[in-house]
>>> print(open('coords35.csv').read())   # CSV, C-alpha atoms
chain,number,residue,atom,x,y,z
A,1,MET,CA,0.0,0.0,0.0
A,2,ASN,CA,1.5,3.4,-1.0
A,3,ILE,CA,1.0,5.7,1.9
A,4,LYS,CA,2.6,9.1,2.3
A,5,GLU,CA,1.5,9.9,5.8
A,6,LEU,CA,-1.7,9.1,7.8
A,7,PRO,CA,-3.1,11.6,10.2
A,8,ILE,CA,-3.5,11.0,13.9
A,9,GLY,CA,-6.8,9.3,14.5
A,10,SER,CA,-6.7,7.2,11.3
A,11,LEU,CA,-8.1,3.7,11.6
A,12,VAL,CA,-6.1,0.9,9.9
A,13,MET,CA,-5.8,-2.9,9.7
A,14,LEU,CA,-2.4,-4.4,9.8
A,15,LYS,CA,-1.3,-7.4,7.8
A,16,ASN,CA,-0.5,-9.4,11.0
A,17,GLU,CA,-3.5,-8.3,13.1
A,18,LEU,CA,-7.2,-9.2,13.3
A,19,ARG,CA,-8.2,-6.1,15.1
A,20,LYS,CA,-8.3,-2.5,13.9
A,21,ILE,CA,-5.7,0.0,15.1
A,22,ILE,CA,-6.1,3.7,15.6
A,23,ILE,CA,-3.0,5.8,15.0
A,24,LEU,CA,-1.7,7.8,18.0
A,25,GLY,CA,1.7,9.1,16.9
A,26,TYR,CA,4.7,9.0,14.7
A,27,ASP,CA,8.4,8.0,14.7
A,28,GLN,CA,8.6,5.6,17.6
A,29,LYS,CA,11.6,3.6,19.0
A,30,LEU,CA,11.7,0.6,21.1
A,31,VAL,CA,12.9,1.4,24.6
A,32,SER,CA,14.7,-2.0,24.7
A,33,ASP,CA,16.4,-1.3,21.4
A,34,PRO,CA,16.5,2.3,20.3
A,35,SER,CA,18.0,1.3,16.9
A,36,LYS,CA,14.6,0.0,15.8
A,37,ASN,CA,12.5,2.8,14.4
A,38,PHE,CA,8.8,2.5,13.6
A,39,ASP,CA,6.6,4.9,11.5
A,40,TYR,CA,3.6,4.8,13.8
A,41,VAL,CA,2.3,4.0,17.3
A,42,GLY,CA,-1.2,3.0,17.7
A,43,CYS,CA,-3.7,1.1,20.0
A,44,PHE,CA,-6.5,-1.3,19.5
A,45,PHE,CA,-9.9,0.1,18.4
A,46,PRO,CA,-12.4,0.6,20.1
A,47,GLU,CA,-10.6,0.2,23.4
A,48,ALA,CA,-8.1,3.1,22.6
A,49,TYR,CA,-5.2,3.8,25.0
A,50,VAL,CA,-5.0,1.6,28.0
A,51,THR,CA,-1.3,1.5,29.0
A,52,ALA,CA,1.9,2.1,27.1
A,53,SER,CA,2.6,-1.7,27.2
A,54,LYS,CA,-0.5,-2.2,25.0
A,55,ASN,CA,0.7,0.2,22.3
A,56,ILE,CA,1.4,-1.3,18.9
A,57,LEU,CA,4.4,-0.1,16.9
A,58,PHE,CA,4.3,-0.5,13.1
A,59,ASN,CA,5.5,0.7,9.8
A,60,LYS,CA,3.7,1.9,6.7
A,61,ASP,CA,4.5,-1.4,5.0
A,62,ASP,CA,2.6,-3.3,7.7
A,63,ILE,CA,-0.7,-1.6,6.8
A,64,LYS,CA,-3.1,-3.8,4.9
A,65,LYS,CA,-6.2,-1.5,4.8
A,66,VAL,CA,-7.1,2.1,5.8
A,67,TYR,CA,-10.7,2.3,7.1
A,68,TYR,CA,-10.7,6.0,8.1
A,69,LEU,CA,-8.4,9.0,7.7
A,70,GLY,CA,-8.0,11.2,10.7
A,71,TYR,CA,-8.5,14.9,10.6
A,72,GLN,CA,-6.3,16.9,8.1
A,73,ASP,CA,-5.9,20.6,7.7
A,74,SER,CA,-3.1,22.9,6.7
A,75,SER,CA,-1.2,22.2,10.0
A,76,PHE,CA,-1.1,18.5,9.1
A,77,ASP,CA,0.2,19.4,5.6
A,78,ASP,CA,2.9,21.7,7.2
A,79,PHE,CA,3.9,18.9,9.6
A,80,CYS,CA,4.2,16.4,6.7
A,81,ASN,CA,6.2,18.8,4.6
A,82,LYS,CA,8.6,19.5,7.4
A,83,ARG,CA,9.1,15.7,7.7
A,84,GLY,CA,9.6,15.4,4.0
A,85,GLN,CA,6.6,13.1,3.6
A,86,GLY,CA,4.2,15.4,1.8
A,87,GLY,CA,0.5,15.6,2.7
A,88,ASN,CA,-2.3,13.5,1.4
A,89,GLY,CA,-4.4,16.4,0.2
>>> encode(input="coords35.csv", output="structure tokens")
Amino acid sequence: MNIKELPIGSLVMLKNELRKIIILGYDQKLVSDPSKNFDYVGCFFPEAYVTASKNILFNKDDIKKVYYLGYQDSSFDDFCNKRGQGGNG
């Protein structure tokens, strides 16, 4: 799936998951191994955030389907442009 950047609040299905995940943030690293970088952090939907240990770290390539795009405006486009990802609009 060719994804530039998904806004916070986007709802996705990952290739290796049976439950939907809502995106909470970007550019995450494992505490146990900071050399491992992930594009996104999310949590299961509809439960949402429970504890940090329940967060799911994943990359764009792990996304099988996008169910819903989170809110996008000019500040999201600016954020994407600063990161060099380009907006989706």
>>> residues_around(input="coords35.csv", residues="Leu69 of chain A", least_positions_apart="6", cutoff="9 Å", atoms="only C-alpha atoms", output="JSON, numbers by chain")
{"A": [6, 7, 8, 9, 10, 11, 12]}
>>> residues_around(input="coords35.csv", residues="Ile22 of chain A", least_positions_apart="4", cutoff="10 Å", atoms="all atoms listed in the file", output="list in words")
Ile8, Gly9, Ser10, Leu11, Val12, Met13, Tyr40, Val41, Gly42, Cys43, Phe44, Phe45, Pro46, Glu47, Ala48, Tyr49, Ile56, Val66, Tyr67, Tyr68, Leu69 and Gly70 of chain A
>>> residues_near_point(input="coords35.csv", point="(8.0, -1.0, 7.1)", cutoff="12 Å", atoms="all atoms listed in the file", output="ChimeraX atom specification")
/A:1-3,14-15,27,36-40,57-64
>>> atom_distance(input="coords35.csv", atom1="atom CA of Asn16 of chain A", atom2="atom CA of Tyr71 of chain A")
25.6 Å
>>> atom_distance(input="coords35.csv", atom1="atom CA of Glu17 of chain A", atom2="atom CA of Val31 of chain A")
22.3 Å
>>> atom_distance(input="coords35.csv", atom1="atom CA of Lys65 of chain A", atom2="atom CA of Gln28 of chain A")
20.8 Å
>>> closest_residue(input="coords35.csv", among="A:Arg83, A:Ser53, A:Leu18, A:Ser74", to="Leu30 of chain A", atoms="only C-alpha atoms")
A:Ser53
